[in-house]
$ cat work-v1.txt   # compact mmCIF, C-alpha atoms and all ligand atoms
# COMPACT_ATOMS: atom_id res chain seq x y z
CA MET A 701 387.65 -30.61 -45.72
CA LYS A 702 389.40 -28.04 -47.85
CA LEU A 703 391.79 -25.63 -46.14
CA PRO A 704 389.73 -22.48 -45.30
CA VAL A 705 391.35 -19.44 -46.94
CA ALA A 706 390.79 -15.90 -48.17
CA GLU A 707 390.96 -15.41 -51.95
CA LEU A 708 392.75 -12.09 -52.56
CA HIS A 709 393.78 -12.41 -56.20
CA ILE A 710 390.90 -13.32 -58.44
CA HIS A 711 389.65 -11.59 -61.60
CA LEU A 712 385.91 -11.94 -62.24
CA GLU A 713 386.53 -11.95 -65.99
CA GLY A 714 388.94 -14.85 -65.51
CA THR A 715 386.31 -17.02 -63.84
CA LEU A 716 384.10 -17.40 -66.93
CA GLU A 717 384.13 -21.11 -67.74
CA PRO A 718 383.73 -22.16 -71.41
CA ASP A 719 380.15 -23.37 -70.73
CA MET A 720 379.19 -20.00 -69.30
CA ILE A 721 380.87 -18.15 -72.19
CA MET A 722 378.86 -20.16 -74.73
CA GLU A 723 375.64 -19.86 -72.70
CA LEU A 724 375.86 -16.06 -72.34
CA ALA A 725 376.91 -15.64 -75.99
CA ALA A 726 373.80 -17.53 -77.11
CA LYS A 727 371.54 -15.64 -74.70
CA ASN A 728 372.89 -12.25 -75.80
CA SER A 729 373.19 -13.17 -79.52
CA ILE A 730 376.90 -12.46 -79.54
CA GLU A 731 379.06 -13.99 -82.26
CA LEU A 732 382.30 -15.37 -80.90
CA PRO A 733 385.15 -16.35 -83.24
CA TYR A 734 384.82 -20.05 -82.33
CA GLU A 735 383.18 -22.91 -84.19
CA SER A 736 382.30 -24.84 -81.05
CA ILE A 737 383.05 -25.14 -77.36
CA GLU A 738 385.81 -27.62 -78.27
CA ASP A 739 387.32 -25.01 -80.56
CA LEU A 740 387.22 -22.50 -77.69
CA LYS A 741 388.79 -24.97 -75.23
CA ALA A 742 391.56 -25.73 -77.71
CA ARG A 743 392.76 -22.13 -77.38
CA TYR A 744 393.68 -22.34 -73.69
CA SER A 745 397.37 -22.78 -74.34
CA PHE A 746 399.42 -19.66 -73.66
CA THR A 747 402.95 -18.56 -74.39
CA ASN A 748 403.01 -15.46 -72.19
CA LEU A 749 400.75 -12.96 -70.40
CA GLN A 750 399.66 -11.19 -73.58
CA SER A 751 398.54 -14.37 -75.37
CA PHE A 752 396.23 -15.06 -72.43
CA LEU A 753 394.93 -11.48 -72.18
CA ASP A 754 393.95 -11.59 -75.88
CA LEU A 755 391.66 -14.57 -75.22
CA LEU A 756 390.37 -13.13 -71.93
CA TYR A 757 389.35 -9.84 -73.57
CA THR A 758 387.68 -11.62 -76.51
CA ASN A 759 385.57 -13.78 -74.21
CA LEU A 760 384.43 -11.19 -71.69
CA ILE A 761 382.21 -9.46 -74.26
CA VAL A 762 379.54 -12.05 -73.47
CA LEU A 763 378.86 -10.10 -70.25
CA ARG A 764 376.17 -7.64 -71.29
CA THR A 765 373.64 -7.02 -68.54
CA SER A 766 373.64 -6.52 -64.81
CA GLU A 767 372.12 -10.01 -64.49
CA ASP A 768 375.03 -11.48 -66.47
CA PHE A 769 377.50 -10.00 -63.99
CA GLN A 770 375.42 -11.31 -61.10
CA GLN A 771 375.22 -14.79 -62.65
CA ALA A 772 378.96 -14.91 -63.34
CA THR A 773 379.77 -13.75 -59.79
CA VAL A 774 377.47 -16.35 -58.19
CA ALA A 775 378.85 -19.13 -60.42
CA TYR A 776 382.36 -18.16 -59.34
CA LEU A 777 381.43 -18.04 -55.64
CA GLU A 778 379.92 -21.52 -55.83
CA ASN A 779 383.18 -22.88 -57.22
CA ALA A 780 385.17 -20.80 -54.73
CA GLN A 781 383.39 -22.07 -51.63
CA ARG A 782 383.80 -25.63 -52.86
CA SER A 783 387.53 -25.00 -53.11
CA GLY A 784 387.85 -23.68 -49.53
CA VAL A 785 387.33 -19.92 -49.97
CA ARG A 786 385.59 -18.19 -47.04
CA HIS A 787 386.35 -14.55 -47.92
CA VAL A 788 386.96 -13.04 -51.36
CA GLU A 789 388.38 -9.73 -52.57
CA LEU A 790 387.18 -9.74 -56.16
CA PHE A 791 388.88 -7.84 -59.00
CA PHE A 792 387.06 -6.60 -62.05
CA ASP A 793 388.27 -4.50 -65.01
CA PRO A 794 385.81 -1.58 -65.41
CA GLN A 795 387.50 -0.40 -68.62
CA ALA A 796 386.77 -3.72 -70.33
CA HIS A 797 383.06 -3.10 -69.89
CA VAL A 798 382.70 0.67 -70.12
CA GLU A 799 384.56 0.73 -73.44
CA ARG A 800 381.85 -1.60 -74.82
CA GLY A 801 379.14 0.84 -73.84
CA LEU A 802 378.01 -0.70 -70.55
CA SER A 803 377.40 1.65 -67.64
CA LEU A 804 379.46 1.51 -64.46
CA ALA A 805 376.21 1.33 -62.51
CA GLU A 806 375.01 -1.90 -64.15
CA VAL A 807 378.43 -3.55 -63.92
CA VAL A 808 379.05 -2.72 -60.26
CA ALA A 809 375.45 -3.33 -59.18
CA GLY A 810 375.42 -6.73 -60.91
CA ILE A 811 378.66 -7.85 -59.26
CA ARG A 812 377.50 -6.54 -55.86
CA ALA A 813 374.19 -8.42 -56.21
CA GLY A 814 376.17 -11.59 -56.94
CA LEU A 815 378.44 -11.04 -53.92
CA ALA A 816 375.41 -10.47 -51.67
CA GLU A 817 373.82 -13.68 -52.98
CA GLY A 818 377.06 -15.58 -52.31
CA GLU A 819 377.16 -14.31 -48.73
CA GLU A 820 373.56 -15.34 -48.18
CA ARG A 821 373.96 -18.80 -49.70
CA TRP A 822 377.45 -19.76 -48.53
CA GLY A 823 378.47 -17.17 -45.93
CA ILE A 824 381.34 -15.85 -48.08
CA THR A 825 382.37 -12.34 -46.99
CA HIS A 826 383.69 -10.01 -49.68
CA LYS A 827 385.36 -6.82 -50.93
CA LEU A 828 385.31 -5.46 -54.47
CA ILE A 829 388.38 -4.00 -56.20
CA ALA A 830 388.36 -2.12 -59.53
CA CYS A 831 391.53 -2.82 -61.52
CA PHE A 832 392.80 -0.39 -64.12
CA TRP A 833 394.52 -1.41 -67.32
CA ARG A 834 398.18 -0.50 -67.39
CA HIS A 835 398.20 -0.69 -71.20
CA ALA A 836 395.68 2.20 -71.35
CA PRO A 837 396.52 5.85 -70.55
CA ALA A 838 396.66 6.73 -66.84
CA SER A 839 394.43 9.72 -67.63
CA ASP A 840 391.63 7.29 -68.59
CA ALA A 841 392.09 5.42 -65.32
CA LEU A 842 391.97 8.65 -63.32
CA GLU A 843 388.83 9.84 -65.08
CA LEU A 844 387.07 6.53 -64.50
CA LEU A 845 388.16 6.41 -60.86
CA GLN A 846 386.85 9.94 -60.30
CA THR A 847 383.51 8.87 -61.75
CA LEU A 848 383.42 5.76 -59.54
CA VAL A 849 384.05 7.92 -56.46
CA GLU A 850 381.85 10.90 -57.40
CA GLU A 851 378.89 8.69 -58.35
CA LYS A 852 379.50 6.60 -55.20
CA HIS A 853 379.71 3.21 -56.89
CA PRO A 854 380.43 0.77 -54.07
CA ILE A 855 384.05 -0.33 -54.48
CA ASP A 856 386.53 -0.99 -51.68
CA GLY A 857 389.79 -0.51 -53.49
CA ILE A 858 391.73 -0.25 -56.74
CA GLY A 859 394.30 -2.39 -58.48
CA LEU A 860 396.42 -2.35 -61.62
CA ASP A 861 396.50 -5.20 -64.12
CA SER A 862 396.87 -6.25 -67.79
CA SER A 863 400.12 -6.09 -69.83
CA GLU A 864 403.01 -5.34 -67.49
CA ILE A 865 406.23 -4.90 -69.45
CA GLY A 866 406.64 -1.38 -70.79
CA PHE A 867 403.95 0.04 -68.49
CA PRO A 868 405.69 0.85 -65.19
CA PRO A 869 403.67 1.63 -62.04
CA SER A 870 405.16 5.15 -62.01
CA LEU A 871 402.71 6.12 -64.78
CA PHE A 872 399.82 5.67 -62.32
CA ALA A 873 401.05 7.68 -59.31
CA LYS A 874 398.27 10.29 -59.59
CA VAL A 875 395.57 7.62 -59.84
CA TYR A 876 396.82 6.03 -56.62
CA ASP A 877 397.14 9.40 -54.84
CA TYR A 878 393.50 10.05 -55.64
CA ALA A 879 392.41 6.58 -54.49
CA ARG A 880 394.25 6.84 -51.16
CA GLU A 881 392.92 10.36 -50.58
CA HIS A 882 389.42 8.97 -51.00
CA GLY A 883 389.87 6.14 -48.50
CA LEU A 884 390.20 3.30 -50.99
CA HIS A 885 392.49 0.33 -50.50
CA VAL A 886 395.32 0.08 -53.02
CA VAL A 887 396.98 -2.97 -54.57
CA ALA A 888 398.84 -3.52 -57.87
CA HIS A 889 400.11 -6.35 -60.04
CA ALA A 890 403.90 -6.10 -60.17
CA GLY A 891 406.79 -8.47 -60.73
CA GLU A 892 404.78 -11.08 -62.61
CA GLU A 893 406.52 -10.69 -65.99
CA GLY A 894 407.96 -7.28 -65.17
CA PRO A 895 411.20 -6.65 -63.25
CA ALA A 896 411.75 -6.23 -59.51
CA ASP A 897 412.03 -2.49 -60.15
CA TYR A 898 408.28 -2.40 -60.82
CA ILE A 899 407.71 -3.77 -57.30
CA TRP A 900 409.86 -0.93 -55.88
CA GLN A 901 407.77 1.55 -57.85
CA ALA A 902 404.49 0.04 -56.66
CA LEU A 903 405.70 0.37 -53.05
CA ASP A 904 407.34 3.80 -53.23
CA LEU A 905 405.24 5.64 -55.82
CA LEU A 906 401.84 3.96 -55.55
CA LYS A 907 402.21 3.13 -51.82
CA VAL A 908 400.31 -0.11 -52.27
CA GLU A 909 399.17 -2.28 -49.36
CA ARG A 910 399.67 -5.54 -51.28
CA ILE A 911 401.60 -6.69 -54.34
CA ASP A 912 399.84 -9.07 -56.73
CA HIS A 913 402.22 -11.81 -57.94
CA GLY A 914 405.54 -10.18 -56.97
CA ILE A 915 407.46 -13.41 -57.64
CA ARG A 916 410.35 -11.60 -59.34
CA CYS A 917 411.25 -9.96 -56.01
CA VAL A 918 413.53 -12.95 -55.41
CA GLU A 919 415.93 -11.45 -57.97
CA ASP A 920 416.63 -8.46 -55.68
CA ARG A 921 417.97 -9.12 -52.17
CA THR A 922 417.49 -5.55 -50.99
CA LEU A 923 413.88 -5.65 -52.10
CA VAL A 924 413.29 -8.98 -50.32
CA ARG A 925 414.71 -7.46 -47.11
CA ARG A 926 412.26 -4.56 -47.40
CA LEU A 927 409.27 -6.82 -48.15
CA VAL A 928 410.14 -9.06 -45.20
CA ALA A 929 410.75 -6.15 -42.81
CA GLU A 930 407.42 -4.52 -43.68
CA GLN A 931 405.61 -7.85 -44.15
CA ILE A 932 404.08 -6.58 -47.39
CA PRO A 933 401.61 -9.22 -48.63
CA LEU A 934 402.40 -10.92 -51.95
CA THR A 935 399.45 -12.71 -53.57
CA VAL A 936 401.09 -15.60 -55.41
CA CYS A 937 399.27 -17.65 -58.07
CA PRO A 938 401.22 -20.84 -58.86
CA LEU A 939 399.09 -22.26 -61.69
CA SER A 940 398.89 -18.85 -63.38
CA ASN A 941 402.67 -18.53 -63.28
CA VAL A 942 403.07 -21.96 -64.88
CA ARG A 943 400.44 -21.46 -67.59
CA LEU A 944 401.72 -17.98 -68.52
CA ARG A 945 405.31 -19.23 -68.40
CA ALA A 946 406.41 -16.77 -65.72
CA VAL A 947 408.21 -19.85 -64.34
CA ASP A 948 409.72 -22.73 -66.33
CA SER A 949 407.70 -25.38 -64.50
CA ILE A 950 405.80 -25.81 -61.24
CA HIS A 951 408.95 -27.40 -59.79
CA ALA A 952 410.84 -24.18 -60.47
CA HIS A 953 408.28 -21.99 -58.67
CA PRO A 954 409.86 -19.78 -55.98
CA LEU A 955 407.02 -20.20 -53.43
CA PRO A 956 408.95 -22.49 -51.02
CA GLN A 957 411.95 -20.18 -51.20
CA MET A 958 409.70 -17.14 -50.58
CA LEU A 959 408.22 -18.76 -47.46
CA GLU A 960 411.67 -19.64 -46.20
CA MET A 961 412.85 -16.05 -46.68
CA GLY A 962 410.05 -14.91 -44.37
CA LEU A 963 408.01 -13.16 -47.05
CA ASN A 964 404.30 -12.67 -46.34
CA VAL A 965 402.98 -14.85 -49.17
CA SER A 966 399.58 -16.40 -49.71
CA VAL A 967 398.27 -18.58 -52.56
CA HIS A 968 395.51 -17.53 -54.96
CA SER A 969 393.98 -18.50 -58.28
CA ASP A 970 394.08 -15.38 -60.54
CA ASP A 971 392.01 -16.54 -63.55
CA PRO A 972 390.89 -20.04 -62.54
CA ALA A 973 388.79 -20.80 -65.63
CA TYR A 974 391.89 -20.25 -67.77
CA PHE A 975 394.71 -21.65 -65.65
CA GLY A 976 393.45 -25.09 -64.69
CA GLY A 977 391.82 -24.70 -61.34
CA TYR A 978 390.45 -22.90 -58.33
CA MET A 979 391.96 -22.36 -54.88
CA ASP A 980 392.15 -26.08 -54.04
CA ALA A 981 394.07 -26.81 -57.25
CA ASN A 982 396.55 -24.03 -56.49
CA ILE A 983 397.04 -25.31 -52.94
CA ALA A 984 397.46 -28.85 -54.32
CA ALA A 985 400.18 -27.55 -56.64
CA ALA A 986 401.94 -26.10 -53.60
CA ILE A 987 401.66 -29.40 -51.70
CA LYS A 988 402.67 -32.04 -54.21
CA PRO A 989 405.23 -30.65 -56.64
CA LEU A 990 406.48 -27.97 -54.25
CA GLY A 991 406.49 -30.18 -51.16
CA LEU A 992 405.07 -27.75 -48.62
CA ASN A 993 404.34 -29.28 -45.20
CA ALA A 994 401.28 -28.87 -42.97
CA ALA A 995 402.83 -26.01 -40.99
CA GLN A 996 403.64 -24.10 -44.19
CA LEU A 997 400.10 -24.62 -45.50
CA ALA A 998 398.65 -23.35 -42.24
CA GLN A 999 400.95 -20.31 -42.58
CA LEU A 1000 399.67 -19.64 -46.11
CA ALA A 1001 396.06 -19.81 -44.89
CA ARG A 1002 396.77 -17.50 -41.92
CA ASN A 1003 398.57 -15.06 -44.20
CA SER A 1004 395.60 -14.98 -46.59
CA PHE A 1005 393.24 -13.75 -43.87
CA ASN A 1006 395.80 -11.45 -42.25
CA SER A 1007 396.56 -9.83 -45.63
CA SER A 1008 392.88 -9.23 -46.37
CA PHE A 1009 391.07 -5.93 -45.93
CA LEU A 1010 388.69 -7.42 -43.37
CA ASP A 1011 388.36 -5.52 -40.10
CA GLU A 1012 390.35 -6.99 -37.20
CA ALA A 1013 387.34 -8.51 -35.42
CA THR A 1014 386.22 -10.43 -38.54
CA LYS A 1015 389.80 -11.52 -39.24
CA GLN A 1016 390.00 -13.00 -35.73
CA LYS A 1017 386.87 -15.01 -36.45
CA TYR A 1018 388.66 -16.71 -39.34
CA LEU A 1019 392.10 -17.13 -37.74
C1 LIG A 1101 395.80 -11.05 -65.27
CL1 LIG A 1101 397.50 -13.05 -64.70
C2 LIG A 1101 397.12 -11.41 -65.03
N1 LIG A 1101 398.08 -10.50 -65.07
C3 LIG A 1101 397.77 -9.26 -65.36
N2 LIG A 1101 396.53 -8.84 -65.60
C4 LIG A 1101 395.54 -9.73 -65.56
N3 LIG A 1101 394.22 -9.61 -65.75
C5 LIG A 1101 393.66 -10.80 -65.59
N4 LIG A 1101 394.63 -11.70 -65.29
ZN ZN A 1102 395.99 -11.18 -61.64

$ encode --input "work-v1.txt" --output "structure tokens" --more "lines below"
Ligand code: ES4
Ligand code: ZN
Amino acid sequence: MKLPVAELHIHLEGTLEPDMIMELAAKNSIELPYESIEDLKARYSFTNLQSFLDLLYTNLIVLRTSEDFQQATVAYLENAQRSGVRHVELFFDPQAHVERGLSLAEVVAGIRAGLAEGEERWGITHKLIACFWRHAPASDALELLQTLVEEKHPIDGIGLDSSEIGFPPSLFAKVYDYAREHGLHVVAHAGEEGPADYIWQALDLLKVERIDHGIRCVEDRTLVRRLVAEQIPLTVCPLSNVRLRAVDSIHAHPLPQMLEMGLNVSVHSDDPAYFGGYMDANIAAAIKPLGLNAAQLAQLARNSFNSSFLDEATKQKYL
């Protein structure tokens, strides 16, 4: 039996497996810049965050219709439940789809239909989080968020992702004010490639409830004290950090140190189709090379549910 956990850091666009990319491209008559599936697979070697994002954004254009989003979501949930996931808080990048001419309604409705199907088939509970691109103007993010809220598209929260360095959280303070005022949950990627200062900004200026990645907090003792005192959740993705070279090797990953410091960490898969595995593979990376024991694994699983946006009664059911 796989360890039952909540998946809190997962990008829908990062769950498209090469087979699915080729299948949807053929169905939608989309020309991809690859000669074959082998050619595509040969490109999954990254030097940093940007080199990965370039491939991610090229491939996601195969998602064209509401049914495509539903199919991709269900395919992900099948892999997720096999890897131990019982609850998922799914990220998607609305800008990646709206800028290609798709409507918010078809994107969100397709994902929601997929989530509903996953709950029916495998009992996976879910939340949906719209992530904004930090490399795009904050005014675009605010406009899109206002549309999401005014047109009542069913999202549960917002996040911030894409290229980190040079795009500090402070740029997005107004977007987050608006989201909180409208009852949305708020999270942000920070401290993946970017400095610890971006984590401070996400906490103080965006007032986020969780930090995605956050591994560079270990460089700042005052910040670690704050994160421990407030038990701010950090959604850590070991295989992502290795593949994007945020750490030198899995052996150098700070997860054991973070647990020892009393940080509220949990393990997640980020973009599993690109980084070599789903939840179980990320947990396995924490067990073997990082040497976590059974008590530490149980702690990670408990943290994942506790850090979720589930209501207390449902959380208790999982804990
Ligand atoms: C992402 Cl690993 C990572 N970092 C930032 N933005 C992202 N979008 C998808 N994966
Ligand atoms: Zn991420």

$ atom_distance --input "work-v1.txt" --atom1 "atom CA of Gln846 of chain A" --atom2 "atom CA of Ser863 of chain A"
22.9 Å

$ residues_near_point --input "work-v1.txt" --point "(388.8, -22.3, -63.4)" --cutoff "9 Å" --atoms "only C-alpha atoms" --output "PyMOL selection string"
chain A and resi 714-717+776+779+969+971-978

$ residues_around --input "work-v1.txt" --residues "segment 914-925 of chain A" --least-positions-apart "2" --cutoff "10 Å" --atoms "all atoms listed in the file" --output "PyMOL selection string"
chain A and resi 888-900+910-912+927-938+941+946-947+953-955+957-958+961-963+965

$ residues_near_ligand --input "work-v1.txt" --ligand "ligand ZN 1102 (chain A)" --cutoff "8 Å" --atoms "all atoms listed in the file" --output "ChimeraX atom specification"
/A:709-711,861-862,889,912-913,970-971

$ write_last_selection --input "work-v1.txt" --atoms "C-alpha atoms" --output "CSV table (one decimal), keeping the file's coordinate frame"
chain,number,residue,atom,x,y,z
A,709,HIS,CA,393.8,-12.4,-56.2
A,710,ILE,CA,390.9,-13.3,-58.4
A,711,HIS,CA,389.6,-11.6,-61.6
A,861,ASP,CA,396.5,-5.2,-64.1
A,862,SER,CA,396.9,-6.2,-67.8
A,889,HIS,CA,400.1,-6.4,-60.0
A,912,ASP,CA,399.8,-9.1,-56.7
A,913,HIS,CA,402.2,-11.8,-57.9
A,970,ASP,CA,394.1,-15.4,-60.5
A,971,ASP,CA,392.0,-16.5,-63.6

$ residues_around --input "work-v1.txt" --residues "segment 813-823 of chain A" --least-positions-apart "4" --cutoff "9 Å" --atoms "only C-alpha atoms" --output "list in words"
Ser766, Glu767, Phe769, Gln770, Gln771, Ala772, Thr773, Val774, Ala775, Leu777, Glu778, Gln781, Arg786, His787, Val808, Ala809, Lys827 and Leu828 of chain A

$ write_last_selection --input "work-v1.txt" --atoms "C-alpha atoms" --output "short mmCIF file (atom, residue, chain, number, x, y, z; two decimals), in the frame of the given file"
data_model
loop_
_atom_site.label_atom_id
_atom_site.label_comp_id
_atom_site.auth_asym_id
_atom_site.auth_seq_id
_atom_site.Cartn_x
_atom_site.Cartn_y
_atom_site.Cartn_z
CA SER A 766 373.64 -6.52 -64.81
CA GLU A 767 372.12 -10.01 -64.49
CA PHE A 769 377.50 -10.00 -63.99
CA GLN A 770 375.42 -11.31 -61.10
CA GLN A 771 375.22 -14.79 -62.65
CA ALA A 772 378.96 -14.91 -63.34
CA THR A 773 379.77 -13.75 -59.79
CA VAL A 774 377.47 -16.35 -58.19
CA ALA A 775 378.85 -19.13 -60.42
CA LEU A 777 381.43 -18.04 -55.64
CA GLU A 778 379.92 -21.52 -55.83
CA GLN A 781 383.39 -22.07 -51.63
CA ARG A 786 385.59 -18.19 -47.04
CA HIS A 787 386.35 -14.55 -47.92
CA VAL A 808 379.05 -2.72 -60.26
CA ALA A 809 375.45 -3.33 -59.18
CA LYS A 827 385.36 -6.82 -50.93
CA LEU A 828 385.31 -5.46 -54.47
#

$ atom_distance --input "work-v1.txt" --atom1 "atom CA of Phe867 of chain A" --atom2 "atom CA of Trp833 of chain A"
9.6 Å

$ closest_residue --input "work-v1.txt" --among "A:Thr747, A:Ala984, A:Arg812, A:Glu864" --to "Leu712 of chain A" --atoms "all atoms listed in the file"
A:Arg812

$ closest_residue --input "work-v1.txt" --among "A:Glu707, A:Glu713, A:Glu851, A:Asp904" --to "ligand LIG 1101 (chain A)" --atoms "only C-alpha atoms and all ligand atoms"
A:Glu713

$ closest_residue --input "work-v1.txt" --among "A:Phe746, A:Phe791, A:Tyr878, A:Phe872" --to "Ala836 of chain A" --atoms "all atoms listed in the file"
A:Phe872

$ closest_residue --input "work-v1.txt" --among "A:Ser745, A:Gln996, A:Ser1004, A:Ser751" --to "Val785 of chain A" --atoms "all atoms listed in the file"
A:Ser1004

$ atom_distance --input "work-v1.txt" --atom1 "atom C1 of ligand LIG 1101 (chain A)" --atom2 "atom CA of Arg743 of chain A"
16.7 Å

$ residues_near_point --input "work-v1.txt" --point "(391.8, -14.2, -36.9)" --cutoff "12 Å" --atoms "all atoms listed in the file" --output "VMD selection string"
chain A and resid 704 to 706 1001 to 1008 1010 to 1019

$ closest_residue --input "work-v1.txt" --among "A:Ala838, A:Leu755, A:Leu848, A:Ile811" --to "ligand LIG 1101 (chain A)" --atoms "all atoms listed in the file"
A:Leu755
